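Below: the structure, in structure tokens.
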Amino acid sequence: MGLTLEFEKTLSPLLVVPRVIVEGYKKPNTKLHFKIYNLFTPLFMKLFGIKTANWFTNLDIKMTKIFGVYQGITFIIEKDDKCKKEILHKIGAEDFTGIKVAGYKLK
């Protein structure tokens with residue numbers, strides 16, 4: 001069984017402001033513009049929601065390919081044997097949004 005490592009360039013700087021608005025989470029900062037943003041986060045969450053955030057995440061990958069500027073990289077590790085037996089599809093934001101992992105403590 002082998003592993004395949006793929007990556008995609010992500011976090012287009014052209015989408016920073018829209019991405020922050022649609023994610024709608026309060027920012028822990030005391031500067032005035034963050035305080036104003038934090039007042040509107042409940043409204044942003046209701047207006048946009050997870051579908052809009054997923055749409056921007058998927059758009060982000062296209063934007064980095066078109067304009068060639070990015071600020072991050074997403075890595076995907078696949079098991080070769082398992083993937084060949086299953087129907088493969090393009091991985092999108094919807095595939096990992098909402099995944100929760102239990103916390104771990106180092107001993």
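A note on labels: chains of the structure tokens are A, B, ... as shown, every chain counts residues from 1, and ligands are counted from 1 in their shown order.
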Quiz prompt | Which of chain A fall in helix (DSSP H, G or I), as an MDAnalysis selection string | solution = chainID A and resid 13:23 32:47 49:67 80:85 93:95
Expected file: the selected residues, C-alpha atoms, as a PDB file, in the first residue's frame:
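Final file, again15.pdb:
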ATOM      1  CA  PRO A  13      -4.791  37.463  -1.058  1.00  0.00           C
ATOM      2  CA  LEU A  14      -7.476  38.789  -3.410  1.00  0.00           C
ATOM      3  CA  LEU A  15     -10.153  37.036  -1.325  1.00  0.00           C
ATOM      4  CA  VAL A  16      -8.976  37.971   2.187  1.00  0.00           C
ATOM      5  CA  VAL A  17     -11.726  40.484   2.977  1.00  0.00           C
ATOM      6  CA  PRO A  18     -14.668  38.499   1.522  1.00  0.00           C
ATOM      7  CA  ARG A  19     -13.396  35.291   3.161  1.00  0.00           C
ATOM      8  CA  VAL A  20     -13.166  36.940   6.599  1.00  0.00           C
ATOM      9  CA  ILE A  21     -16.657  38.432   6.239  1.00  0.00           C
ATOM     10  CA  VAL A  22     -18.382  35.202   5.189  1.00  0.00           C
ATOM     11  CA  GLU A  23     -16.695  33.089   7.866  1.00  0.00           C
ATOM     12  CA  LEU A  32     -11.513  49.492  16.710  1.00  0.00           C
ATOM     13  CA  HIS A  33     -12.025  47.878  13.293  1.00  0.00           C
ATOM     14  CA  PHE A  34     -12.049  44.419  14.925  1.00  0.00           C
ATOM     15  CA  LYS A  35     -14.588  45.599  17.516  1.00  0.00           C
ATOM     16  CA  ILE A  36     -16.845  46.873  14.721  1.00  0.00           C
ATOM     17  CA  TYR A  37     -16.415  43.612  12.794  1.00  0.00           C
ATOM     18  CA  ASN A  38     -17.235  41.587  15.921  1.00  0.00           C
ATOM     19  CA  LEU A  39     -20.517  43.503  16.334  1.00  0.00           C
ATOM     20  CA  PHE A  40     -21.599  42.333  12.873  1.00  0.00           C
ATOM     21  CA  THR A  41     -20.479  38.685  13.068  1.00  0.00           C
ATOM     22  CA  PRO A  42     -23.918  37.319  14.121  1.00  0.00           C
ATOM     23  CA  LEU A  43     -25.433  39.072  11.100  1.00  0.00           C
ATOM     24  CA  PHE A  44     -22.694  37.754   8.791  1.00  0.00           C
ATOM     25  CA  MET A  45     -23.276  34.191  10.020  1.00  0.00           C
ATOM     26  CA  LYS A  46     -27.011  34.438   9.308  1.00  0.00           C
ATOM     27  CA  LEU A  47     -26.588  36.135   5.919  1.00  0.00           C
ATOM     28  CA  GLY A  49     -23.632  30.630   6.315  1.00  0.00           C
ATOM     29  CA  ILE A  50     -21.508  27.582   5.620  1.00  0.00           C
ATOM     30  CA  LYS A  51     -22.545  27.215   1.955  1.00  0.00           C
ATOM     31  CA  THR A  52     -21.148  30.653   1.127  1.00  0.00           C
ATOM     32  CA  ALA A  53     -17.943  29.910   3.060  1.00  0.00           C
ATOM     33  CA  ASN A  54     -17.562  26.639   1.110  1.00  0.00           C
ATOM     34  CA  TRP A  55     -18.162  28.481  -2.165  1.00  0.00           C
ATOM     35  CA  PHE A  56     -15.392  30.975  -1.337  1.00  0.00           C
ATOM     36  CA  THR A  57     -13.043  28.157  -0.345  1.00  0.00           C
ATOM     37  CA  ASN A  58     -13.598  26.429  -3.687  1.00  0.00           C
ATOM     38  CA  LEU A  59     -13.261  29.766  -5.534  1.00  0.00           C
ATOM     39  CA  ASP A  60     -10.000  30.385  -3.695  1.00  0.00           C
ATOM     40  CA  ILE A  61      -8.297  27.432  -5.417  1.00  0.00           C
ATOM     41  CA  LYS A  62      -9.367  28.737  -8.830  1.00  0.00           C
ATOM     42  CA  MET A  63      -8.190  32.278  -8.011  1.00  0.00           C
ATOM     43  CA  THR A  64      -4.710  31.083  -7.012  1.00  0.00           C
ATOM     44  CA  LYS A  65      -4.410  29.171 -10.297  1.00  0.00           C
ATOM     45  CA  ILE A  66      -5.589  32.133 -12.398  1.00  0.00           C
ATOM     46  CA  PHE A  67      -3.534  34.886 -10.736  1.00  0.00           C
ATOM     47  CA  ASP A  80      -3.270   4.481  -3.373  1.00  0.00           C
ATOM     48  CA  ASP A  81      -4.763   0.980  -2.995  1.00  0.00           C
ATOM     49  CA  LYS A  82      -7.952   2.211  -1.341  1.00  0.00           C
ATOM     50  CA  CYS A  83      -8.527   5.065  -3.784  1.00  0.00           C
ATOM     51  CA  LYS A  84      -8.218   2.871  -6.869  1.00  0.00           C
ATOM     52  CA  LYS A  85     -11.114   0.700  -5.658  1.00  0.00           C
ATOM     53  CA  ALA A  93     -14.599  22.423   0.869  1.00  0.00           C
ATOM     54  CA  GLU A  94     -17.840  20.539   1.546  1.00  0.00           C
ATOM     55  CA  ASP A  95     -15.817  17.354   2.128  1.00  0.00           C
TER      56      ASP A  95
END
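Of the residues in chain A, those that DSSP places in strand (DSSP E) on the basis of the backbone are Leu3, Thr4, Leu5, Glu6, Phe7, Glu8, Lys9, Thr10, Gly72, Ile73, Thr74, Phe75, Ile76, Ile77, Glu78 and Lys79 of chain A.
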